[in-house]
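One file, input_21.pdb, carrying PDB, C-alpha atoms:
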MODEL        1
ATOM      1  CA  MET M   1     -13.401  -6.518 -13.132
ATOM      2  CA  ASN M   2     -16.468  -7.884 -11.436
ATOM      3  CA  GLN M   3     -18.212  -5.101  -9.482
ATOM      4  CA  GLN M   4     -19.478  -7.586  -6.885
ATOM      5  CA  ASP M   5     -15.908  -8.729  -6.171
ATOM      6  CA  LEU M   6     -14.912  -5.102  -5.617
ATOM      7  CA  LEU M   7     -17.852  -4.510  -3.255
ATOM      8  CA  THR M   8     -16.989  -7.677  -1.334
ATOM      9  CA  ALA M   9     -13.399  -6.439  -0.903
ATOM     10  CA  VAL M  10     -14.574  -3.016   0.314
ATOM     11  CA  ASP M  11     -17.013  -4.608   2.743
ATOM     12  CA  CYS M  12     -14.220  -6.792   4.082
ATOM     13  CA  LEU M  13     -11.960  -3.739   4.551
ATOM     14  CA  ASN M  14     -14.741  -1.868   6.333
ATOM     15  CA  ARG M  15     -15.096  -4.787   8.754
ATOM     16  CA  GLY M  16     -11.386  -4.738   9.638
ATOM     17  CA  GLY M  17     -10.388  -7.520   7.263
ATOM     18  CA  ILE M  18      -7.131  -8.218   5.456
ATOM     19  CA  ILE M  19      -7.361  -8.739   1.727
ATOM     20  CA  GLY M  20      -5.055  -9.849  -1.050
ATOM     21  CA  TYR M  21      -5.157  -7.862  -4.302
ATOM     22  CA  ALA M  22      -3.142  -7.324  -7.475
ATOM     23  CA  THR M  23      -0.771  -4.368  -7.846
ATOM     24  CA  GLU M  24       1.697  -3.311 -10.540
ATOM     25  CA  ALA M  25       4.200  -6.178 -10.024
ATOM     26  CA  VAL M  26       2.994  -8.528  -7.275
ATOM     27  CA  PHE M  27      -0.069  -9.266  -5.226
ATOM     28  CA  GLY M  28      -0.336  -7.105  -2.153
ATOM     29  CA  LEU M  29      -1.833  -7.483   1.278
ATOM     30  CA  GLY M  30      -4.023  -4.629   2.374
ATOM     31  CA  CYS M  31      -6.223  -3.330   5.121
ATOM     32  CA  ASP M  32      -7.640  -0.088   6.465
ATOM     33  CA  PRO M  33      -4.620   2.029   7.479
ATOM     34  CA  ASP M  34      -6.634   3.630  10.296
ATOM     35  CA  ASP M  35      -7.579   0.285  11.886
ATOM     36  CA  GLY M  36      -4.741  -0.558  14.267
ATOM     37  CA  ASP M  37      -6.044  -4.058  14.959
ATOM     38  CA  ALA M  38      -6.183  -4.888  11.239
ATOM     39  CA  VAL M  39      -2.673  -3.513  10.671
ATOM     40  CA  ARG M  40      -1.303  -5.523  13.622
ATOM     41  CA  ARG M  41      -2.910  -8.700  12.220
ATOM     42  CA  LEU M  42      -1.363  -7.978   8.821
ATOM     43  CA  LEU M  43       2.082  -7.453  10.378
ATOM     44  CA  GLU M  44       1.761 -10.710  12.315
ATOM     45  CA  LEU M  45       0.738 -12.573   9.162
ATOM     46  CA  LYS M  46       3.798 -11.218   7.320
ATOM     47  CA  GLN M  47       6.049 -11.651  10.366
ATOM     48  CA  ARG M  48       7.115  -8.044   9.747
ATOM     49  CA  PRO M  49       8.308  -5.827  12.600
ATOM     50  CA  VAL M  50       6.189  -2.718  13.175
ATOM     51  CA  ASP M  51       9.307  -0.501  13.215
ATOM     52  CA  LYS M  52       9.827  -0.971   9.444
ATOM     53  CA  GLY M  53       6.727   1.036   8.528
ATOM     54  CA  LEU M  54       4.327   0.353   5.678
ATOM     55  CA  ILE M  55       3.342   1.740   2.279
ATOM     56  CA  LEU M  56      -0.020   3.334   1.580
ATOM     57  CA  ILE M  57      -1.449   3.270  -1.932
ATOM     58  CA  ALA M  58      -4.175   5.624  -3.094
ATOM     59  CA  ALA M  59      -6.432   6.289  -6.064
ATOM     60  CA  ASP M  60      -5.329   9.932  -6.148
ATOM     61  CA  PHE M  61      -3.145  12.356  -4.239
ATOM     62  CA  SER M  62      -6.059  13.826  -2.280
ATOM     63  CA  GLN M  63      -6.533  10.504  -0.465
ATOM     64  CA  LEU M  64      -3.013  10.811   0.972
ATOM     65  CA  LEU M  65      -3.320  14.396   2.250
ATOM     66  CA  PRO M  66      -4.676  13.479   5.730
ATOM     67  CA  TYR M  67      -1.444  11.546   6.392
ATOM     68  CA  LEU M  68       1.252  13.846   4.971
ATOM     69  CA  ASP M  69       3.031  16.928   6.295
ATOM     70  CA  LEU M  70       3.702  18.673   2.985
ATOM     71  CA  GLU M  71       4.998  21.782   4.769
ATOM     72  CA  ALA M  72       8.036  19.719   5.806
ATOM     73  CA  LEU M  73       9.043  19.143   2.169
ATOM     74  CA  PRO M  74      11.663  21.551   0.802
ATOM     75  CA  ALA M  75      10.453  24.037  -1.804
ATOM     76  CA  GLY M  76      10.087  22.461  -5.221
ATOM     77  CA  ARG M  77      10.175  18.840  -4.002
ATOM     78  CA  LEU M  78       6.435  18.212  -4.374
ATOM     79  CA  ASP M  79       6.461  18.786  -8.155
ATOM     80  CA  PRO M  80       8.592  15.736  -9.117
ATOM     81  CA  ILE M  81       6.518  13.594  -6.762
ATOM     82  CA  LEU M  82       3.234  14.649  -8.353
ATOM     83  CA  GLU M  83       4.698  14.334 -11.865
ATOM     84  CA  SER M  84       5.578  10.667 -11.200
ATOM     85  CA  TRP M  85       1.974   9.711 -10.328
ATOM     86  CA  PRO M  86      -0.005   7.722 -11.038
ATOM     87  CA  GLY M  87       2.667   5.104 -11.456
ATOM     88  CA  PRO M  88       4.889   2.524  -9.780
ATOM     89  CA  TYR M  89       6.747   5.185  -7.806
ATOM     90  CA  THR M  90       6.648   5.165  -4.019
ATOM     91  CA  TRP M  91       7.814   8.286  -2.194
ATOM     92  CA  ILE M  92       8.813   8.689   1.433
ATOM     93  CA  ILE M  93       7.212  11.913   2.620
ATOM     94  CA  PRO M  94       7.131  13.498   6.104
ATOM     95  CA  ALA M  95       4.073  12.312   8.012
ATOM     96  CA  LYS M  96       1.737  14.368  10.143
ATOM     97  CA  PRO M  97       2.544  13.868  13.840
ATOM     98  CA  GLU M  98      -0.763  12.091  14.463
ATOM     99  CA  VAL M  99      -0.024   9.310  11.932
ATOM    100  CA  PRO M 100       0.148   6.166  14.062
ATOM    101  CA  VAL M 101       3.351   4.246  14.666
ATOM    102  CA  TRP M 102       1.796   1.133  13.095
ATOM    103  CA  LEU M 103       2.035   2.963   9.737
ATOM    104  CA  ARG M 104       5.216   5.042  10.205
ATOM    105  CA  GLY M 105       7.263   2.481  12.087
ATOM    106  CA  ARG M 106      10.322   4.069  13.654
ATOM    107  CA  PHE M 107      10.213   6.935  11.140
ATOM    108  CA  SER M 108       8.673  10.411  11.072
ATOM    109  CA  SER M 109       7.729   9.815   7.449
ATOM    110  CA  LEU M 110       5.397   7.619   5.448
ATOM    111  CA  ALA M 111       5.878   5.712   2.176
ATOM    112  CA  VAL M 112       3.055   6.503  -0.264
ATOM    113  CA  ARG M 113       2.074   5.830  -3.877
ATOM    114  CA  VAL M 114      -0.721   6.853  -6.214
ATOM    115  CA  THR M 115      -1.194   3.605  -8.067
ATOM    116  CA  ALA M 116      -1.530   3.249 -11.824
ATOM    117  CA  HIS M 117      -2.861  -0.306 -11.472
ATOM    118  CA  ARG M 118      -6.483  -0.014 -12.606
ATOM    119  CA  GLN M 119      -7.983  -2.492 -10.144
ATOM    120  CA  ALA M 120      -5.966  -1.209  -7.148
ATOM    121  CA  HIS M 121      -7.004   2.331  -8.125
ATOM    122  CA  ASP M 122     -10.659   1.324  -8.310
ATOM    123  CA  LEU M 123     -10.378  -0.466  -4.967
ATOM    124  CA  CYS M 124      -8.991   2.644  -3.228
ATOM    125  CA  LEU M 125     -11.630   4.781  -4.929
ATOM    126  CA  ALA M 126     -14.462   2.483  -3.803
ATOM    127  CA  PHE M 127     -13.003   2.252  -0.279
ATOM    128  CA  GLY M 128     -12.770   6.044  -0.141
ATOM    129  CA  LYS M 129      -9.250   6.243   1.227
ATOM    130  CA  PRO M 130      -5.786   4.717   0.899
ATOM    131  CA  LEU M 131      -4.940   1.110   1.655
ATOM    132  CA  VAL M 132      -1.991  -0.437   3.385
ATOM    133  CA  SER M 133      -0.033  -2.103   0.595
ATOM    134  CA  THR M 134       2.676  -4.614   1.362
ATOM    135  CA  SER M 135       3.817  -7.545  -0.731
ATOM    136  CA  ALA M 136       1.791 -10.728  -0.311
ATOM    137  CA  ASN M 137       4.307 -12.950   1.406
ATOM    138  CA  LYS M 138       5.923 -13.657   4.729
ATOM    139  CA  THR M 139       9.003 -11.506   5.262
ATOM    140  CA  GLY M 140      11.961 -12.937   3.373
ATOM    141  CA  GLU M 141       9.888 -15.135   1.041
ATOM    142  CA  GLU M 142       9.028 -14.523  -2.606
ATOM    143  CA  PRO M 143       5.842 -12.474  -3.056
ATOM    144  CA  ALA M 144       2.878 -14.035  -4.846
ATOM    145  CA  ARG M 145       2.497 -12.882  -8.438
ATOM    146  CA  ASN M 146      -0.974 -14.342  -8.958
ATOM    147  CA  ALA M 147      -4.095 -15.156  -6.955
ATOM    148  CA  ARG M 148      -3.533 -18.921  -7.106
ATOM    149  CA  LEU M 149      -0.079 -18.679  -5.533
ATOM    150  CA  LEU M 150      -1.377 -16.251  -2.928
ATOM    151  CA  ALA M 151      -4.179 -18.653  -2.007
ATOM    152  CA  GLU M 152      -1.676 -21.519  -1.707
ATOM    153  CA  GLN M 153       0.879 -19.565   0.347
ATOM    154  CA  ILE M 154      -1.223 -17.615   2.856
ATOM    155  CA  GLY M 155      -4.784 -17.564   1.576
ATOM    156  CA  ALA M 156      -6.168 -19.358   4.623
ATOM    157  CA  ARG M 157      -5.043 -16.431   6.802
ATOM    158  CA  LEU M 158      -6.673 -13.761   4.617
ATOM    159  CA  ASP M 159     -10.259 -12.585   4.839
ATOM    160  CA  TYR M 160     -10.627 -12.187   1.063
ATOM    161  CA  ILE M 161      -8.610 -12.374  -2.157
ATOM    162  CA  LEU M 162      -9.808  -9.966  -4.833
ATOM    163  CA  PRO M 163      -9.572 -11.761  -8.193
ATOM    164  CA  GLY M 164      -7.270  -9.860 -10.529
ATOM    165  CA  THR M 165      -3.944  -9.745 -12.331
ATOM    166  CA  THR M 166      -0.797  -7.691 -11.891
ATOM    167  CA  ASP M 167       0.414  -5.302 -14.582
ATOM    168  CA  GLY M 168       3.304  -7.707 -15.199
ATOM    169  CA  ARG M 169       6.088  -5.453 -13.941
ATOM    170  CA  ALA M 170       9.213  -7.434 -13.029
ATOM    171  CA  ASN M 171      10.013  -5.557  -9.810
ATOM    172  CA  PRO M 172       8.125  -3.825  -7.010
ATOM    173  CA  SER M 173       7.889  -0.039  -7.084
ATOM    174  CA  LEU M 174      10.869   2.269  -6.979
ATOM    175  CA  ILE M 175      11.086   3.964  -3.570
ATOM    176  CA  ARG M 176      12.559   7.462  -3.335
ATOM    177  CA  ASP M 177      13.067   9.964  -0.547
ATOM    178  CA  GLY M 178      10.712  12.906  -1.028
ATOM    179  CA  ILE M 179      13.033  15.356   0.714
ATOM    180  CA  THR M 180      16.243  14.535  -1.185
ATOM    181  CA  GLY M 181      15.026  12.634  -4.250
ATOM    182  CA  ALA M 182      17.528   9.846  -3.454
ATOM    183  CA  THR M 183      16.636   6.278  -4.402
ATOM    184  CA  VAL M 184      15.931   4.124  -1.343
ATOM    185  CA  ARG M 185      14.948   0.944  -3.244
ATOM    186  CA  PRO M 186      15.568   0.546  -6.961
ATOM    187  CA  ALA M 187      12.814  -0.856  -9.170
TER     188      ALA M 187
ENDMDL
END
Encoded form using C-alpha cells:
Amino acid sequence: MNQQDLLTAVDCLNRGGIIGYATEAVFGLGCDPDDGDAVRRLLELKQRPVDKGLILIAADFSQLLPYLDLEALPAGRLDPILESWPGPYTWIIPAKPEVPVWLRGRFSSLAVRVTAHRQAHDLCLAFGKPLVSTSANKTGEEPARNARLLAEQIGARLDYILPGTTDGRANPSLIRDGITGATVRPA
C-alpha cells in the first residue's frame, strides 16, 4: 500500500470527509464516527435512515472501548467476542449512553468489528480511532467490490477513494448479538 494514499485518506477523514476503502468482502464508505455532519452526509449519500445504526471498524479492541458499555454484557460473553477478532465478525454490543444516535440508530447498542483486512486495519491505526464502515452503495443496490466500480457508482459524491483490494470474501461480515450470541446476519 502506498503510504501517501493512506495519509491522504487520514487527512480527508480529519477534515470531515467521506472516503471509500476496501474491506474483507466489499468496498466500504467511511468517515469519522464522532463527526455528526460527516455521518449525516454519508447517510444521505447511501439513502440510509439514521434509525438503522451503523458499524464501526477498528484496528484493535482498544479503539472501540470509548463507545462500548462492557458492564452491560453478561458474564463470559466478552471472551467469544475477543476470540473472533481480528476477523470478519461484527458484534452488536451495548453502547455507552453518550454514543450519538447517528451511530446507534434506534438501538441502545452498537455494531463493531476489529478488522482483519490489512489496509482497513492500517487506516484505522493511522486515523487513531475507529471508522464508520458501511457498504459502498446506495441502500438496496449491490455494493462495489472494487475501486473502479465504486468510482463509477458514487465516486463523484465521495471525497476520496483509497486505492486497494478486498480480501475476496463472498459475503459481508457475520453479525452476532453480543449479549445472546445469536446470529443477526449470516455471512
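Using all atoms listed in the file, the smallest distance between any of M:Val132, M:Leu125, M:Ala9, M:Leu149 and Gln63 (chain M) comes from M:Leu125.
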For each of M:Gly105, M:Gly128, M:Pro49, M:Gly16, take the minimum atom-to-atom distance to Leu64 (chain M), counting only C-alpha atoms, then give the residue where this is smallest.
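Closest to Leu64 (chain M) of all the choices is M:Gly128.
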For each of M:Leu7, M:Val99, M:Ala22, M:Leu68, take the minimum atom-to-atom distance to Thr165 (chain M), counting all atoms listed in the file, then give the residue where this is smallest.
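Using all atoms listed in the file, Thr165 (chain M) sits closest to M:Ala22.
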Please determine the residues with any atom at most 8 Å from (0.7, -12.6, 1.4) (coordinates as given in the file, with all atoms listed in the file counting) and report them as a compact mmCIF listing (two decimals) with C-alpha atoms, keeping the file's coordinate frame.
# COMPACT_ATOMS: atom_id res chain seq x y z
CA GLY M 20 -5.06 -9.85 -1.05
CA PHE M 27 -0.07 -9.27 -5.23
CA GLY M 28 -0.34 -7.10 -2.15
CA LEU M 29 -1.83 -7.48 1.28
CA LEU M 45 0.74 -12.57 9.16
CA LYS M 46 3.80 -11.22 7.32
CA SER M 135 3.82 -7.54 -0.73
CA ALA M 136 1.79 -10.73 -0.31
CA ASN M 137 4.31 -12.95 1.41
CA LYS M 138 5.92 -13.66 4.73
CA PRO M 143 5.84 -12.47 -3.06
CA ALA M 144 2.88 -14.04 -4.85
CA LEU M 150 -1.38 -16.25 -2.93
CA GLN M 153 0.88 -19.57 0.35
CA ILE M 154 -1.22 -17.61 2.86
CA GLY M 155 -4.78 -17.56 1.58
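For the pair CA of Leu78 (chain M) and CA of Ala120 (chain M), the separation is 23.2 Å.
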Residue by residue, what does the PyMOL selection byres ((chain M and resi 56) around 6) grab here? Present the result as JSON, numbers by chain.
{"M": [55, 57, 112, 130, 131, 132, 133]}
Hey, what's within 6 Å of Ala59 (chain M) if we count all atoms listed in the file and toss same-chain stuff fewer than 3 positions away? As a compact mmCIF listing (two decimals) with C-alpha atoms, in the coordinates of the input, please?
# COMPACT_ATOMS: atom_id res chain seq x y z
CA VAL M 114 -0.72 6.85 -6.21
CA HIS M 121 -7.00 2.33 -8.12
CA CYS M 124 -8.99 2.64 -3.23
CA LEU M 125 -11.63 4.78 -4.93
Once the PyMOL selection byres ((chain M and resi 116-119) around 7) has been applied to the shown file, what residues remain in the selection, as a PDB file with C-alpha atoms, in the frame of the given file?
ATOM      1  CA  THR M  23      -0.771  -4.368  -7.846  1.00  0.00           C
ATOM      2  CA  GLU M  24       1.697  -3.311 -10.540  1.00  0.00           C
ATOM      3  CA  PRO M  86      -0.005   7.722 -11.038  1.00  0.00           C
ATOM      4  CA  GLY M  87       2.667   5.104 -11.456  1.00  0.00           C
ATOM      5  CA  PRO M  88       4.889   2.524  -9.780  1.00  0.00           C
ATOM      6  CA  VAL M 114      -0.721   6.853  -6.214  1.00  0.00           C
ATOM      7  CA  THR M 115      -1.194   3.605  -8.067  1.00  0.00           C
ATOM      8  CA  ALA M 120      -5.966  -1.209  -7.148  1.00  0.00           C
ATOM      9  CA  HIS M 121      -7.004   2.331  -8.125  1.00  0.00           C
ATOM     10  CA  ASP M 122     -10.659   1.324  -8.310  1.00  0.00           C
ATOM     11  CA  LEU M 123     -10.378  -0.466  -4.967  1.00  0.00           C
ATOM     12  CA  ASP M 167       0.414  -5.302 -14.582  1.00  0.00           C
TER      13      ASP M 167
END
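The nearest approach to Arg48 (chain M) among the residues M:Trp102, M:Tyr67, M:Tyr160, M:Trp91, with only C-alpha atoms taken into account, belongs to M:Trp102.
Near Leu110 (chain M), within 6 Å and counting only C-alpha atoms, sit Ile92, Ile93, Ala95 and Arg104 of chain M, not including residues fewer than 6 positions from it in the same chain.
Using only C-alpha atoms, the shortest contact distance between Leu103 (chain M) and any of M:Val50, M:Ala156, M:Val26, M:Ala151 is found at M:Val50.
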Give me, please, the distance in Å between CA of Ala38 (chain M) and CA of Ile18 (chain M), quoted to one decimal.
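Atom-to-atom, CA of Ala38 (chain M) to CA of Ile18 (chain M), that is 6.7 Å.
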Report, in Å to a single decimal, how far apart CA of Glu141 (chain M) and CA of Asp35 (chain M) are.
25.7 Å
Quick one: residues within 9 Å of Gly17 (chain M), all atoms listed in the file counted, chain neighbours fewer than 2 positions away excluded, as a VMD selection string?
chain M and resid 9 11 to 15 19 30 to 32 38 158 to 160
Which residue is closest to Asn146 (chain M)? Choose from M:Pro33, M:Thr166, M:Leu82, M:Phe127 and count all atoms listed in the file.
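Ranked by minimum distance to Asn146 (chain M), first place goes to M:Thr166.
When the PyMOL selection byres ((chain M and resi 69) around 6) is run on the displayed coordinates, the residues it returns are Leu68, Leu70, Glu71, Ala72, Pro94, Ala95 and Lys96 of chain M.
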Student task, region 95-119 of chain M output with N, CA and C atoms as a short mmCIF file (atom, residue, chain, number, x, y, z; two decimals), in the first residue's frame:
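What follows is the written file out06.cif:
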data_model
loop_
_atom_site.label_atom_id
_atom_site.label_comp_id
_atom_site.auth_asym_id
_atom_site.auth_seq_id
_atom_site.Cartn_x
_atom_site.Cartn_y
_atom_site.Cartn_z
N ALA M 95 -24.01 -0.01 23.93
CA ALA M 95 -23.25 1.23 23.76
C ALA M 95 -23.32 2.06 25.03
N LYS M 96 -22.29 2.87 25.24
CA LYS M 96 -22.34 3.85 26.33
C LYS M 96 -23.46 4.83 26.02
N PRO M 97 -24.11 5.37 27.07
CA PRO M 97 -25.25 6.26 26.84
C PRO M 97 -24.92 7.49 26.01
N GLU M 98 -23.67 7.94 26.05
CA GLU M 98 -23.31 9.15 25.31
C GLU M 98 -23.02 8.91 23.83
N VAL M 99 -23.05 7.65 23.38
CA VAL M 99 -22.84 7.37 21.95
C VAL M 99 -24.00 7.99 21.18
N PRO M 100 -23.69 8.82 20.19
CA PRO M 100 -24.75 9.56 19.49
C PRO M 100 -25.69 8.68 18.68
N VAL M 101 -26.90 9.17 18.53
CA VAL M 101 -27.95 8.46 17.80
C VAL M 101 -27.53 8.22 16.35
N TRP M 102 -26.69 9.10 15.78
CA TRP M 102 -26.30 8.89 14.38
C TRP M 102 -25.46 7.63 14.22
N LEU M 103 -24.91 7.08 15.30
CA LEU M 103 -24.19 5.81 15.24
C LEU M 103 -25.09 4.64 15.67
N ARG M 104 -25.82 4.82 16.77
CA ARG M 104 -26.64 3.76 17.35
C ARG M 104 -27.94 3.53 16.60
N GLY M 105 -28.45 4.58 15.97
CA GLY M 105 -29.79 4.47 15.38
C GLY M 105 -30.81 4.41 16.50
N ARG M 106 -31.80 3.56 16.32
CA ARG M 106 -32.87 3.44 17.32
C ARG M 106 -32.49 2.48 18.46
N PHE M 107 -31.26 2.02 18.47
CA PHE M 107 -30.82 0.98 19.41
C PHE M 107 -30.03 1.57 20.58
N SER M 108 -29.87 0.76 21.62
CA SER M 108 -29.00 1.13 22.74
C SER M 108 -27.67 0.39 22.63
N SER M 109 -27.41 -0.12 21.44
CA SER M 109 -26.21 -0.91 21.19
C SER M 109 -25.51 -0.38 19.95
N LEU M 110 -24.34 -0.94 19.68
CA LEU M 110 -23.54 -0.52 18.55
C LEU M 110 -22.93 -1.75 17.90
N ALA M 111 -22.92 -1.79 16.57
CA ALA M 111 -22.29 -2.88 15.83
C ALA M 111 -20.82 -2.53 15.61
N VAL M 112 -19.93 -3.45 16.00
CA VAL M 112 -18.49 -3.17 15.94
C VAL M 112 -17.71 -4.38 15.44
N ARG M 113 -16.54 -4.09 14.83
CA ARG M 113 -15.68 -5.16 14.33
C ARG M 113 -14.22 -4.72 14.41
N VAL M 114 -13.36 -5.63 14.81
CA VAL M 114 -11.92 -5.43 14.69
C VAL M 114 -11.53 -6.13 13.39
N THR M 115 -11.18 -5.33 12.41
CA THR M 115 -10.98 -5.85 11.07
C THR M 115 -9.67 -6.63 10.91
N ALA M 116 -9.73 -7.65 10.07
CA ALA M 116 -8.54 -8.41 9.71
C ALA M 116 -8.01 -7.96 8.35
N HIS M 117 -8.74 -7.07 7.68
CA HIS M 117 -8.28 -6.56 6.39
C HIS M 117 -7.09 -5.64 6.64
N ARG M 118 -5.95 -5.97 6.06
CA ARG M 118 -4.71 -5.26 6.38
C ARG M 118 -4.83 -3.76 6.11
N GLN M 119 -5.33 -3.36 4.97
CA GLN M 119 -5.39 -1.93 4.66
C GLN M 119 -6.39 -1.20 5.56
#
